[in-house]
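K.L.:
Input file: upload_8.cif. Contents: mmCIF, C-alpha atoms.
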```cif
data_final
loop_
_atom_site.label_atom_id
_atom_site.label_comp_id
_atom_site.auth_asym_id
_atom_site.auth_seq_id
_atom_site.Cartn_x
_atom_site.Cartn_y
_atom_site.Cartn_z
CA MET A 923 -1.04 138.55 15.15
CA THR A 924 -4.11 137.50 13.18
CA LYS A 925 -2.31 138.13 9.88
CA PHE A 926 0.58 136.03 11.06
CA LEU A 927 -1.75 133.18 11.92
CA ILE A 928 -3.41 133.34 8.50
CA LEU A 929 -0.01 133.31 6.79
CA LEU A 930 1.05 130.34 8.89
CA ALA A 931 -2.14 128.48 8.00
CA MET A 932 -1.60 129.13 4.28
CA LEU A 933 1.95 127.86 4.42
CA GLY A 934 0.77 124.78 6.26
CA LEU A 935 -1.92 124.03 3.69
CA ILE A 936 0.53 124.53 0.83
CA ALA A 937 2.94 122.17 2.49
CA ILE A 938 0.24 119.54 2.98
CA GLY A 939 -0.77 119.94 -0.64
CA GLU A 940 2.77 119.27 -1.73
CA ARG A 941 2.79 116.19 0.43
CA VAL A 942 -0.37 114.81 -1.20
CA GLN A 943 1.32 115.19 -4.62
CA ALA A 944 4.04 112.63 -3.81
CA ILE A 945 6.56 111.96 -6.56
CA ASP A 946 6.13 108.62 -8.22
CA ILE A 947 8.37 106.29 -10.23
CA THR A 948 7.03 103.52 -12.41
CA VAL A 949 9.34 100.86 -13.82
CA THR A 950 8.08 98.66 -16.64
CA GLY A 951 9.71 95.68 -18.27
CA SER A 952 11.99 92.82 -17.35
CA TRP A 953 14.95 91.04 -18.85
CA PRO A 954 14.82 87.28 -19.21
CA LEU A 955 18.27 86.02 -20.16
CA VAL A 956 19.03 82.45 -21.18
CA ILE A 957 22.68 81.35 -21.33
CA ASP A 958 23.45 78.03 -22.98
CA ALA A 959 26.01 76.24 -25.13
CA SER A 960 25.38 78.62 -28.02
CA ASP A 961 27.00 81.33 -25.88
CA LEU A 962 30.38 79.60 -25.77
CA GLN A 963 33.00 81.80 -27.36
CA SER A 964 34.16 79.09 -29.77
CA GLY A 965 32.41 75.86 -28.87
CA ALA A 966 33.81 73.03 -26.77
CA GLY A 967 37.03 73.95 -25.07
CA SER A 968 36.11 77.61 -24.70
CA ASP A 969 34.43 79.64 -21.98
CA LEU A 970 31.13 81.47 -22.09
CA ASN A 971 30.95 84.96 -23.47
CA PRO A 972 31.50 87.08 -20.35
CA THR A 973 29.19 89.96 -21.20
CA TYR A 974 25.48 90.12 -21.98
CA ILE A 975 23.52 93.27 -22.72
CA SER A 976 19.78 93.76 -22.99
CA ALA A 977 18.07 95.66 -25.76
CA ALA A 978 18.64 99.39 -25.54
CA GLY A 979 15.07 100.08 -24.52
CA GLN A 980 14.53 97.01 -22.36
CA ILE A 981 13.32 98.90 -19.29
CA ARG A 982 11.04 101.93 -19.18
CA ILE A 983 10.98 104.43 -16.33
CA ASP A 984 8.32 107.11 -15.81
CA ILE A 985 8.61 109.89 -13.26
CA SER A 986 5.32 111.57 -12.33
CA ASN A 987 3.59 113.69 -9.69
CA THR A 988 6.39 116.19 -9.33
CA ASN A 989 7.00 119.83 -10.15
CA THR A 990 10.52 120.08 -8.86
CA THR A 991 13.92 118.46 -9.20
CA TRP A 992 14.52 114.79 -8.46
CA ARG A 993 17.21 112.14 -8.41
CA VAL A 994 16.94 108.47 -9.32
CA GLY A 995 19.02 105.89 -7.50
CA VAL A 996 19.52 102.23 -8.28
CA ARG A 997 20.52 99.09 -6.43
CA ILE A 998 20.35 95.32 -6.94
CA SER A 999 19.30 92.35 -4.87
CA PRO A 1000 20.81 89.89 -4.52
CA TYR A 1001 24.23 91.17 -5.49
CA TYR A 1002 26.57 88.64 -7.07
CA PRO A 1003 30.08 90.11 -7.21
CA ASP A 1004 31.17 87.35 -9.60
CA TYR A 1005 28.90 88.67 -12.32
CA PRO A 1006 28.13 92.31 -11.63
CA PHE A 1007 25.30 94.12 -13.33
CA GLY A 1008 25.30 97.59 -14.81
CA VAL A 1009 22.66 99.97 -16.09
CA ARG A 1010 22.67 102.94 -18.37
CA ARG A 1011 20.08 105.36 -19.62
CA THR A 1012 19.63 105.13 -23.38
CA THR A 1013 16.98 107.83 -23.94
CA ASP A 1014 16.03 111.11 -22.34
CA GLY A 1015 12.33 110.34 -22.39
CA THR A 1016 9.91 113.21 -22.76
CA GLY A 1017 8.72 115.90 -20.39
CA PRO A 1018 8.75 119.60 -19.66
CA GLY A 1019 11.81 119.54 -17.44
CA THR A 1020 15.36 118.31 -17.74
CA ILE A 1021 17.25 115.04 -17.37
CA SER A 1022 20.98 114.41 -17.03
CA GLY A 1023 23.48 111.72 -16.12
CA GLY A 1024 23.35 107.96 -16.32
CA THR A 1025 24.21 107.56 -19.97
CA SER A 1026 27.43 105.69 -19.22
CA TRP A 1027 27.41 102.23 -17.63
CA ILE A 1028 26.99 102.39 -13.88
CA PRO A 1029 27.88 99.31 -11.82
CA VAL A 1030 24.95 98.28 -9.66
CA THR A 1031 25.58 96.93 -6.19
CA ASP A 1032 23.43 96.29 -3.16
CA SER A 1033 23.89 99.91 -2.07
CA TRP A 1034 21.92 102.82 -3.51
CA GLN A 1035 23.85 104.74 -6.14
CA LEU A 1036 22.88 107.82 -8.06
CA PHE A 1037 21.73 106.87 -11.56
CA PHE A 1038 20.42 110.08 -13.11
CA SER A 1039 18.61 113.25 -12.15
CA GLY A 1040 16.15 115.71 -13.62
CA SER A 1041 13.16 117.86 -13.02
CA GLN A 1042 9.43 117.87 -13.67
CA PRO A 1043 7.46 114.85 -14.80
CA ARG A 1044 9.24 112.71 -17.39
CA SER A 1045 8.02 109.65 -19.23
CA ASN A 1046 9.44 106.88 -21.38
CA ILE A 1047 13.00 107.05 -20.09
CA ARG A 1048 14.64 103.93 -21.47
CA VAL A 1049 17.25 101.92 -19.65
CA GLN A 1050 19.60 99.17 -20.77
CA VAL A 1051 20.83 96.43 -18.44
CA GLY A 1052 24.02 94.42 -18.76
CA LEU A 1053 26.06 91.90 -16.88
CA THR A 1054 29.62 90.72 -17.17
CA GLY A 1055 31.84 88.07 -15.62
CA MET A 1056 29.80 85.09 -16.79
CA SER A 1057 31.79 81.85 -17.02
CA VAL A 1058 31.40 78.10 -16.78
CA GLN A 1059 32.33 78.44 -13.13
CA ILE A 1060 28.74 79.56 -12.50
CA LEU A 1061 26.59 76.50 -12.00
CA PRO A 1062 23.47 75.95 -14.06
CA GLY A 1063 20.27 77.28 -12.53
CA THR A 1064 17.80 80.11 -12.56
CA TYR A 1065 18.95 83.28 -10.86
CA GLU A 1066 16.25 85.84 -10.09
CA ILE A 1067 17.65 89.32 -9.62
CA THR A 1068 15.72 92.46 -8.71
CA ILE A 1069 16.94 95.88 -9.78
CA GLU A 1070 15.27 98.58 -7.73
CA TYR A 1071 15.00 102.25 -8.62
CA ILE A 1072 14.19 105.01 -6.15
CA VAL A 1073 13.22 108.59 -6.98
CA VAL A 1074 13.86 111.26 -4.39
CA GLU A 1075 13.07 114.96 -4.47
CA PRO A 1076 14.33 117.57 -4.30
CA MET B 593 -6.91 130.67 22.45
CA LYS B 594 -4.71 132.40 19.87
CA ARG B 595 -1.71 130.64 21.34
CA LEU B 596 -3.43 127.26 20.96
CA ILE B 597 -4.32 127.99 17.32
CA ALA B 598 -0.77 129.09 16.62
CA VAL B 599 0.63 125.90 18.07
CA CYS B 600 -1.77 123.77 16.03
CA LEU B 601 -0.91 125.59 12.81
CA ALA B 602 2.79 125.28 13.52
CA VAL B 603 2.36 121.54 13.92
CA VAL B 604 0.50 121.39 10.58
CA LEU B 605 3.24 123.43 8.93
CA VAL B 606 6.06 121.29 10.27
CA LEU B 607 4.33 118.05 9.34
CA GLY B 608 3.57 119.32 5.87
CA LEU B 609 7.06 120.55 5.16
CA GLY B 610 8.43 117.37 6.65
CA GLY B 611 6.51 115.39 4.06
CA VAL B 612 8.01 117.44 1.23
CA ALA B 613 11.52 116.98 2.53
CA VAL B 614 11.45 113.19 2.32
CA ALA B 615 9.30 112.66 -0.78
CA ALA B 616 10.46 109.45 -2.42
CA ASN B 617 9.12 106.44 -4.17
CA SER B 618 10.59 103.25 -5.58
CA ASP B 619 9.79 100.54 -8.07
CA SER B 620 11.72 97.60 -9.51
CA HIS B 621 12.06 95.11 -12.31
CA THR B 622 13.47 91.63 -12.44
CA VAL B 623 16.30 90.10 -14.39
CA THR B 624 15.98 86.35 -14.71
CA VAL B 625 19.25 84.70 -15.65
CA GLU B 626 18.76 81.10 -16.67
CA VAL B 627 22.06 79.27 -17.04
CA SER B 628 21.53 75.99 -18.84
CA ALA B 629 23.62 72.88 -18.33
CA ILE B 630 26.55 73.01 -20.74
CA ASN B 631 28.45 69.83 -21.58
CA GLU B 632 30.22 70.32 -24.86
CA LEU B 633 32.93 68.09 -26.23
CA ALA B 634 34.80 68.18 -29.53
CA ILE B 635 37.58 66.29 -31.26
CA THR B 636 40.11 68.15 -33.33
CA GLY B 637 42.49 66.62 -35.83
CA GLY B 638 40.06 64.58 -37.85
CA ASN B 639 40.43 60.93 -38.81
CA LEU B 640 43.53 58.97 -38.01
CA THR B 641 45.21 55.98 -39.64
CA LEU B 642 47.52 53.69 -37.71
CA ALA B 643 49.53 51.31 -39.85
CA ILE B 644 51.15 48.24 -38.33
CA ASN B 645 53.73 47.42 -40.93
CA SER B 646 57.01 46.57 -39.27
CA ALA B 647 58.44 44.01 -36.97
CA THR B 648 61.66 42.75 -35.60
CA ALA B 649 62.45 39.26 -36.66
CA GLY B 650 61.45 36.86 -33.95
CA SER B 651 59.02 39.34 -32.32
CA GLU B 652 55.41 40.35 -32.71
CA PRO B 653 54.72 43.25 -35.10
CA ASP B 654 55.60 46.70 -33.81
CA ASN B 655 52.81 48.79 -32.35
CA ALA B 656 51.58 51.79 -34.30
CA THR B 657 51.14 54.90 -32.18
CA ASP B 658 49.97 58.47 -32.59
CA SER B 659 49.61 61.10 -29.89
CA THR B 660 49.78 64.26 -31.96
CA THR B 661 46.95 64.11 -34.48
CA CYS B 662 43.85 64.22 -32.31
CA ASP B 663 42.98 66.37 -29.33
CA LEU B 664 39.90 66.37 -27.18
CA LEU B 665 38.33 69.65 -26.00
CA TRP B 666 35.54 70.06 -23.51
CA THR B 667 33.53 72.62 -21.60
CA THR B 668 31.22 71.87 -18.73
CA ASN B 669 29.52 74.06 -16.16
CA GLN B 670 28.37 71.11 -14.09
CA ALA B 671 30.02 69.29 -11.25
CA SER B 672 30.87 65.59 -11.09
CA LYS B 673 31.39 64.74 -14.73
CA LYS B 674 33.67 62.34 -16.55
CA ILE B 675 34.59 61.58 -20.16
CA THR B 676 34.20 58.08 -21.48
CA VAL B 677 35.31 56.44 -24.71
CA ALA B 678 33.92 53.55 -26.74
CA THR B 679 34.22 52.14 -30.23
CA GLY B 680 31.38 51.12 -32.47
CA LEU B 681 33.36 48.27 -34.03
CA THR B 682 32.70 44.70 -33.04
CA PRO B 683 34.22 42.25 -33.47
CA GLN B 684 37.71 43.63 -33.79
CA ASN B 685 40.60 41.94 -35.52
CA PHE B 686 43.25 43.92 -33.70
CA THR B 687 43.66 45.86 -30.48
CA LEU B 688 43.24 49.63 -30.22
CA LYS B 689 44.05 51.50 -27.05
CA VAL B 690 43.78 55.17 -26.11
CA VAL B 691 44.90 57.28 -23.19
CA ALA B 692 44.48 60.96 -22.40
CA GLN B 693 47.76 62.83 -22.19
CA ASN B 694 48.56 66.37 -21.06
CA VAL B 695 45.15 66.87 -19.48
CA SER B 696 44.45 70.51 -18.74
CA GLY B 697 41.57 72.02 -16.85
CA GLY B 698 41.52 69.94 -13.71
CA GLY B 699 40.40 66.51 -14.89
CA SER B 700 42.40 63.37 -14.22
CA ALA B 701 43.52 60.94 -16.89
CA ALA B 702 42.41 57.36 -16.39
CA SER B 703 44.66 54.44 -17.22
CA GLU B 704 45.08 53.45 -20.84
CA VAL B 705 41.81 52.07 -22.20
CA THR B 706 41.44 49.12 -24.57
CA LEU B 707 38.59 50.15 -26.79
CA SER B 708 35.41 48.10 -26.84
CA THR B 709 31.75 48.80 -27.35
CA THR B 710 31.42 49.28 -23.60
CA ALA B 711 32.14 52.87 -22.58
CA LYS B 712 35.19 53.21 -20.35
CA ASP B 713 36.53 56.14 -18.38
CA LEU B 714 39.11 58.28 -20.16
CA VAL B 715 39.13 61.43 -17.99
CA THR B 716 37.60 61.64 -14.53
CA ALA B 717 37.02 64.43 -11.99
CA VAL B 718 35.77 66.85 -14.60
CA ALA B 719 33.81 69.77 -13.14
CA THR B 720 32.94 73.37 -14.13
CA GLU B 721 35.92 73.71 -16.36
CA ILE B 722 37.37 74.19 -19.78
CA GLY B 723 39.67 71.31 -20.56
CA SER B 724 41.67 69.57 -23.21
CA CYS B 725 43.98 66.61 -23.71
CA ASP B 726 45.99 64.86 -26.35
CA LEU B 727 44.57 61.54 -27.52
CA ALA B 728 47.34 58.96 -27.65
CA TYR B 729 46.33 55.89 -29.65
CA THR B 730 48.16 52.62 -29.82
CA ALA B 731 47.24 49.88 -32.29
CA SER B 732 48.70 46.43 -31.88
CA ALA B 733 48.44 43.09 -33.59
CA THR B 734 49.96 39.69 -33.25
CA ALA B 735 51.43 37.74 -36.10
CA ALA B 736 48.71 35.17 -35.58
CA GLN B 737 46.03 37.77 -36.26
CA GLY B 738 47.19 38.08 -39.85
CA THR B 739 46.48 41.07 -42.03
CA GLY B 740 43.46 43.29 -42.53
CA SER B 741 42.02 46.53 -41.29
CA ASP B 742 39.72 47.68 -38.52
CA ILE B 743 37.76 50.87 -39.02
CA HIS B 744 36.63 52.24 -35.69
CA THR B 745 34.17 54.98 -34.99
CA VAL B 746 35.40 56.18 -31.62
CA THR B 747 32.89 58.06 -29.50
CA TYR B 748 33.76 60.28 -26.56
CA THR B 749 31.00 61.24 -24.16
CA ILE B 750 30.91 63.69 -21.27
CA THR B 751 28.59 62.21 -18.71
CA ALA B 752 27.74 62.06 -15.03
CA ALA B 753 30.51 60.60 -12.89
#
```
Rewrite the coordinates I just gave you, this time as C-alpha cells.
P.N.:
Amino acid sequence: MTKFLILLAMLGLIAIGERVQAIDITVTGSWPLVIDASDLQSGAGSDLNPTYISAAGQIRIDISNTNTTWRVGVRISPYYPDYPFGVRRTTDGTGPGTISGGTSWIPVTDSWQLFFSGSQPRSNIRVQVGLTGMSVQILPGTYEITIEYIVVEP
Amino acid sequence: MKRLIAVCLAVVLVLGLGGVAVAANSDSHTVTVEVSAINELAITGGNLTLAINSATAGSEPDNATDSTTCDLLWTTNQASKKITVATGLTPQNFTLKVVAQNVSGGGSAASEVTLSTTAKDLVTAVATEIGSCDLAYTASATAAQGTGSDIHTVTYTITAA
C-alpha cells in the first residue's frame, strides 16, 4: 500500500510538472494592405484586382514549451464572406521535431480549422496571408481583421 | 490516515493530468485592409472633329453628329456620385451638345446637355460600379453665325451627387 501511494504521488507530480510547462504559440507580424486606384485591372472602366497576397514570410509563428505533438488551428474575426481570407505555411521553420500540413491555401472562417501540425518546439514558421473577392462593391474604409492561431496538444 | 492521503494524491493526479489534456494557447495578428476612395474616369476615342458643311436650301445648316468615336468609362467604389461635363471654350461661335447613350453599370443618362463653362449633369445615380457610355455629340450653327471653328476642351468629372 505504501509503494502504491508513492507511485501515485510521483505520477501526480509528473502530471503537475507537465501542466506547468504549458505549450505556447507566439505570432509576430501584421499585414497592412492598401487598395486604391492603382489596383484597378485596367484603369477606369475596370474592376479592382480580386486577389491580394502578402509576402511569403509576412507572419512568423513560434511554438515553444512542448515536448509532444501539437496542432495549430486558425480562425478570423470578423469574417467577411464577400472577401474571404486564406493562409498557408510557406516554411517549415526549425526545431527538433516534425511539421506537416498547411502548405496549400486554407480558407479562414470564423470557426477554428486545422492549419498544420507537428511535434516538439519549432520556431520561425512562416505564413502567408491572402484575400480574394475584392471589388468596387466594397465601400472605401479601413477594415481591421484579426487572424487568431491556437496551438493544442497532444 | 492512509485513505486520506490516497484521496489527496488521487486528486493531485487527476488535476495534473487534466491540465495536460487541455494544454492550449493562442495568439493573433491583424490584417488592416484600407480601401481608398476610387473615382476614375477615362475617355476613349481621342479627339473628334464635327464639320457643319451642308444644308438644304431654305433651311439652316445641317447638324453634325457623332456618337461612335468617343466613349466614357468610369469606376467608382463610392455611393452617390454623378458625372458632369463642361467645356473650357468661351465665348462660343456655335452650339455643341452632348448626351450619354447606352449607359451601362447602373447610372442614368441626363437630358442632352448644351456645353458651357458651367458643369452640367451627364450621368446621374452613379454608385459603386463600373460603367460606360457612348458620347453622342451634336454641333449646330445658324446661317447667321457665319463660318469659323470652335475648339473645345471638354472635361468630364465624376463628383458627389
K.L.:
Do you know which residues are at most 9 Å from Asn631 in chain B counting all atoms listed in the file, after dropping those on the same chain fewer than 2 positions away, and could you put them as a PDB file with C-alpha atoms, in the frame of the given file?
P.N.:
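Below you can see selection24.pdb, which holds the result:
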```
ATOM      1  CA  ALA A 959      26.010  76.240 -25.130  1.00  0.00           C
ATOM      2  CA  ALA A 966      33.810  73.030 -26.770  1.00  0.00           C
TER       3      ALA A 966
ATOM      4  CA  ALA B 629      23.620  72.880 -18.330  1.00  0.00           C
ATOM      5  CA  LEU B 633      32.930  68.090 -26.230  1.00  0.00           C
ATOM      6  CA  TRP B 666      35.540  70.060 -23.510  1.00  0.00           C
ATOM      7  CA  THR B 667      33.530  72.620 -21.600  1.00  0.00           C
ATOM      8  CA  THR B 668      31.220  71.870 -18.730  1.00  0.00           C
ATOM      9  CA  ASN B 669      29.520  74.060 -16.160  1.00  0.00           C
ATOM     10  CA  GLN B 670      28.370  71.110 -14.090  1.00  0.00           C
ATOM     11  CA  ILE B 750      30.910  63.690 -21.270  1.00  0.00           C
ATOM     12  CA  THR B 751      28.590  62.210 -18.710  1.00  0.00           C
TER      13      THR B 751
END
```
K.L.:
Quick one: pull the distance between CA of Gly699 in chain B and CA of Ala719 in chain B, Å, one decimal.
P.N.:
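Pair CA of Gly699 in chain B / CA of Ala719 in chain B returns 7.6 Å.
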K.L.:
Take every atom of range 969-973 of chain A listed in the file, fit an axis-aligned box around them, add 4 Å per side, and give the centre and edge lengths in Å to one decimal as JSON.
P.N.:
```
{"center_x": 31.8, "center_y": 84.8, "center_z": -21.9, "size_x": 13.2, "size_y": 18.3, "size_z": 11.1}
```
K.L.:
Which polymer residues have any atom within 8 Å of an atom of Thr709 in chain B, counting all atoms listed in the file, with same-chain residues fewer than 6 positions away left out, as a ChimeraX atom specification?
P.N.:
/B:678-682
K.L.:
Set out as JSON lines a contact list for chain A and chain B with a cut-off of 7 Å, giving each residue of chain A that qualifies its closest atom pair and distance in Å to one decimal, counting only C-alpha atoms, ordered by chain and rising residue number.
P.N.:
```
{"residue": "A:Leu927", "atom": "CA", "partner": "B:Ala598", "partner_atom": "CA", "distance": 6.3}
{"residue": "A:Leu930", "atom": "CA", "partner": "B:Leu601", "partner_atom": "CA", "distance": 6.5}
{"residue": "A:Ala931", "atom": "CA", "partner": "B:Leu601", "partner_atom": "CA", "distance": 5.7}
{"residue": "A:Leu933", "atom": "CA", "partner": "B:Leu605", "partner_atom": "CA", "distance": 6.5}
{"residue": "A:Gly934", "atom": "CA", "partner": "B:Leu605", "partner_atom": "CA", "distance": 3.9}
{"residue": "A:Ala937", "atom": "CA", "partner": "B:Gly608", "partner_atom": "CA", "distance": 4.5}
{"residue": "A:Ile938", "atom": "CA", "partner": "B:Gly608", "partner_atom": "CA", "distance": 4.4}
{"residue": "A:Glu940", "atom": "CA", "partner": "B:Val612", "partner_atom": "CA", "distance": 6.3}
{"residue": "A:Arg941", "atom": "CA", "partner": "B:Gly611", "partner_atom": "CA", "distance": 5.3}
{"residue": "A:Ala944", "atom": "CA", "partner": "B:Ala615", "partner_atom": "CA", "distance": 6.1}
{"residue": "A:Ile945", "atom": "CA", "partner": "B:Ala616", "partner_atom": "CA", "distance": 6.2}
{"residue": "A:Asp946", "atom": "CA", "partner": "B:Asn617", "partner_atom": "CA", "distance": 5.5}
{"residue": "A:Ile947", "atom": "CA", "partner": "B:Ser618", "partner_atom": "CA", "distance": 6.0}
{"residue": "A:Thr948", "atom": "CA", "partner": "B:Asp619", "partner_atom": "CA", "distance": 5.9}
{"residue": "A:Val949", "atom": "CA", "partner": "B:Asp619", "partner_atom": "CA", "distance": 5.8}
{"residue": "A:Thr950", "atom": "CA", "partner": "B:His621", "partner_atom": "CA", "distance": 6.9}
{"residue": "A:Gly951", "atom": "CA", "partner": "B:His621", "partner_atom": "CA", "distance": 6.4}
{"residue": "A:Ser952", "atom": "CA", "partner": "B:Thr622", "partner_atom": "CA", "distance": 5.3}
{"residue": "A:Trp953", "atom": "CA", "partner": "B:Val623", "partner_atom": "CA", "distance": 4.8}
{"residue": "A:Pro954", "atom": "CA", "partner": "B:Thr624", "partner_atom": "CA", "distance": 4.7}
{"residue": "A:Leu955", "atom": "CA", "partner": "B:Val625", "partner_atom": "CA", "distance": 4.8}
{"residue": "A:Val956", "atom": "CA", "partner": "B:Glu626", "partner_atom": "CA", "distance": 4.7}
{"residue": "A:Ile957", "atom": "CA", "partner": "B:Val627", "partner_atom": "CA", "distance": 4.8}
{"residue": "A:Asp958", "atom": "CA", "partner": "B:Ser628", "partner_atom": "CA", "distance": 5.0}
{"residue": "A:Ala959", "atom": "CA", "partner": "B:Ile630", "partner_atom": "CA", "distance": 5.5}
{"residue": "A:Ala966", "atom": "CA", "partner": "B:Trp666", "partner_atom": "CA", "distance": 4.7}
{"residue": "A:Gly967", "atom": "CA", "partner": "B:Trp666", "partner_atom": "CA", "distance": 4.4}
{"residue": "A:Ser968", "atom": "CA", "partner": "B:Ile722", "partner_atom": "CA", "distance": 6.1}
{"residue": "A:Asp969", "atom": "CA", "partner": "B:Ile722", "partner_atom": "CA", "distance": 6.6}
{"residue": "A:Val1058", "atom": "CA", "partner": "B:Asn669", "partner_atom": "CA", "distance": 4.5}
{"residue": "A:Gln1059", "atom": "CA", "partner": "B:Thr720", "partner_atom": "CA", "distance": 5.2}
{"residue": "A:Ile1060", "atom": "CA", "partner": "B:Asn669", "partner_atom": "CA", "distance": 6.7}
{"residue": "A:Leu1061", "atom": "CA", "partner": "B:Asn669", "partner_atom": "CA", "distance": 5.6}
{"residue": "A:Pro1062", "atom": "CA", "partner": "B:Val627", "partner_atom": "CA", "distance": 4.7}
{"residue": "A:Gly1063", "atom": "CA", "partner": "B:Val627", "partner_atom": "CA", "distance": 5.2}
{"residue": "A:Thr1064", "atom": "CA", "partner": "B:Glu626", "partner_atom": "CA", "distance": 4.3}
{"residue": "A:Tyr1065", "atom": "CA", "partner": "B:Val625", "partner_atom": "CA", "distance": 5.0}
{"residue": "A:Glu1066", "atom": "CA", "partner": "B:Thr624", "partner_atom": "CA", "distance": 4.7}
{"residue": "A:Ile1067", "atom": "CA", "partner": "B:Val623", "partner_atom": "CA", "distance": 5.0}
{"residue": "A:Thr1068", "atom": "CA", "partner": "B:Thr622", "partner_atom": "CA", "distance": 4.4}
{"residue": "A:Ile1069", "atom": "CA", "partner": "B:Ser620", "partner_atom": "CA", "distance": 5.5}
{"residue": "A:Glu1070", "atom": "CA", "partner": "B:Ser620", "partner_atom": "CA", "distance": 4.1}
{"residue": "A:Tyr1071", "atom": "CA", "partner": "B:Ser618", "partner_atom": "CA", "distance": 5.4}
{"residue": "A:Ile1072", "atom": "CA", "partner": "B:Ser618", "partner_atom": "CA", "distance": 4.0}
{"residue": "A:Val1073", "atom": "CA", "partner": "B:Ala616", "partner_atom": "CA", "distance": 5.4}
{"residue": "A:Val1074", "atom": "CA", "partner": "B:Ala616", "partner_atom": "CA", "distance": 4.3}
{"residue": "A:Glu1075", "atom": "CA", "partner": "B:Ala615", "partner_atom": "CA", "distance": 5.8}
```
K.L.:
Convert the output of the PyMOL selection byres ((chain B and resi 737) around 12) on the shown file into explicit residues, formatted as a ChimeraX atom specification.
P.N.:
/B:644,652-653,684-687,732-736,738-742
K.L.:
Would you write out, as a ChimeraX atom specification, every residue that the PyMOL selection byres ((chain B and resi 642) around 7) captures in this file?
P.N.:
/B:640-641,643-644,656-657,731
K.L.:
Report as a list in words the full result of the PyMOL selection byres ((chain B and resi 716) around 8) when it is applied to this structure.
P.N.:
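When the PyMOL selection byres ((chain B and resi 716) around 8) is applied to the shown file, the picked residues are Lys673, Lys674, Ile675, Gly699, Ser700, Ala701, Ala702, Asp713, Leu714, Val715, Ala717, Val718 and Ala753 of chain B.
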K.L.:
Kindly save the residues from that selection, with C-alpha atoms included, as a compact mmCIF listing (two decimals), in the frame of the given file.
P.N.:
```txt
# COMPACT_ATOMS: atom_id res chain seq x y z
CA LYS B 673 31.39 64.74 -14.73
CA LYS B 674 33.67 62.34 -16.55
CA ILE B 675 34.59 61.58 -20.16
CA GLY B 699 40.40 66.51 -14.89
CA SER B 700 42.40 63.37 -14.22
CA ALA B 701 43.52 60.94 -16.89
CA ALA B 702 42.41 57.36 -16.39
CA ASP B 713 36.53 56.14 -18.38
CA LEU B 714 39.11 58.28 -20.16
CA VAL B 715 39.13 61.43 -17.99
CA ALA B 717 37.02 64.43 -11.99
CA VAL B 718 35.77 66.85 -14.60
CA ALA B 753 30.51 60.60 -12.89
```
K.L.:
CA of Val691 in chain B to CA of Thr648 in chain B: how many Å, to one decimal?
P.N.:
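Separation of CA of Val691 in chain B and CA of Thr648 in chain B: 25.4 Å.
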K.L.:
Identify the residues within 10 Å of coordinate (23.7, 101.5, -11.3) (same frame as the file), considering all atoms listed in the file, and give the answer as a PDB file with C-alpha atoms, in the frame of the given file.
P.N.:
```pdb
ATOM      1  CA  VAL A 994      16.940 108.470  -9.320  1.00  0.00           C
ATOM      2  CA  GLY A 995      19.020 105.890  -7.500  1.00  0.00           C
ATOM      3  CA  VAL A 996      19.520 102.230  -8.280  1.00  0.00           C
ATOM      4  CA  ARG A 997      20.520  99.090  -6.430  1.00  0.00           C
ATOM      5  CA  ILE A 998      20.350  95.320  -6.940  1.00  0.00           C
ATOM      6  CA  PHE A1007      25.300  94.120 -13.330  1.00  0.00           C
ATOM      7  CA  GLY A1008      25.300  97.590 -14.810  1.00  0.00           C
ATOM      8  CA  VAL A1009      22.660  99.970 -16.090  1.00  0.00           C
ATOM      9  CA  ARG A1010      22.670 102.940 -18.370  1.00  0.00           C
ATOM     10  CA  ARG A1011      20.080 105.360 -19.620  1.00  0.00           C
ATOM     11  CA  GLY A1024      23.350 107.960 -16.320  1.00  0.00           C
ATOM     12  CA  SER A1026      27.430 105.690 -19.220  1.00  0.00           C
ATOM     13  CA  TRP A1027      27.410 102.230 -17.630  1.00  0.00           C
ATOM     14  CA  ILE A1028      26.990 102.390 -13.880  1.00  0.00           C
ATOM     15  CA  PRO A1029      27.880  99.310 -11.820  1.00  0.00           C
ATOM     16  CA  VAL A1030      24.950  98.280  -9.660  1.00  0.00           C
ATOM     17  CA  THR A1031      25.580  96.930  -6.190  1.00  0.00           C
ATOM     18  CA  ASP A1032      23.430  96.290  -3.160  1.00  0.00           C
ATOM     19  CA  SER A1033      23.890  99.910  -2.070  1.00  0.00           C
ATOM     20  CA  TRP A1034      21.920 102.820  -3.510  1.00  0.00           C
ATOM     21  CA  GLN A1035      23.850 104.740  -6.140  1.00  0.00           C
ATOM     22  CA  LEU A1036      22.880 107.820  -8.060  1.00  0.00           C
ATOM     23  CA  PHE A1037      21.730 106.870 -11.560  1.00  0.00           C
ATOM     24  CA  PHE A1038      20.420 110.080 -13.110  1.00  0.00           C
ATOM     25  CA  VAL A1051      20.830  96.430 -18.440  1.00  0.00           C
ATOM     26  CA  ILE A1069      16.940  95.880  -9.780  1.00  0.00           C
ATOM     27  CA  GLU A1070      15.270  98.580  -7.730  1.00  0.00           C
ATOM     28  CA  TYR A1071      15.000 102.250  -8.620  1.00  0.00           C
TER      29      TYR A1071
END
```
K.L.:
What gap, in Å, lies between CA of Asn971 in chain A and CA of Ala752 in chain B?
P.N.:
24.6 Å
K.L.:
Pick from B:Ser672, B:Asn694, B:Asn655, B:Thr710: nearest to Thr747 in chain B, with all atoms listed in the file counted?
P.N.:
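With all atoms listed in the file as the atom set, the closest residue is B:Thr710.
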K.L.:
Residues near Tyr974 in chain A, anyone? I mean within 7 Å using all atoms listed in the file, not counting same-chain ones fewer than 3 positions away, as a list in words.
P.N.:
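Skipping anything fewer than 3 positions along the chain leaves Gly1052, Leu1053 and Thr1054 of chain A.
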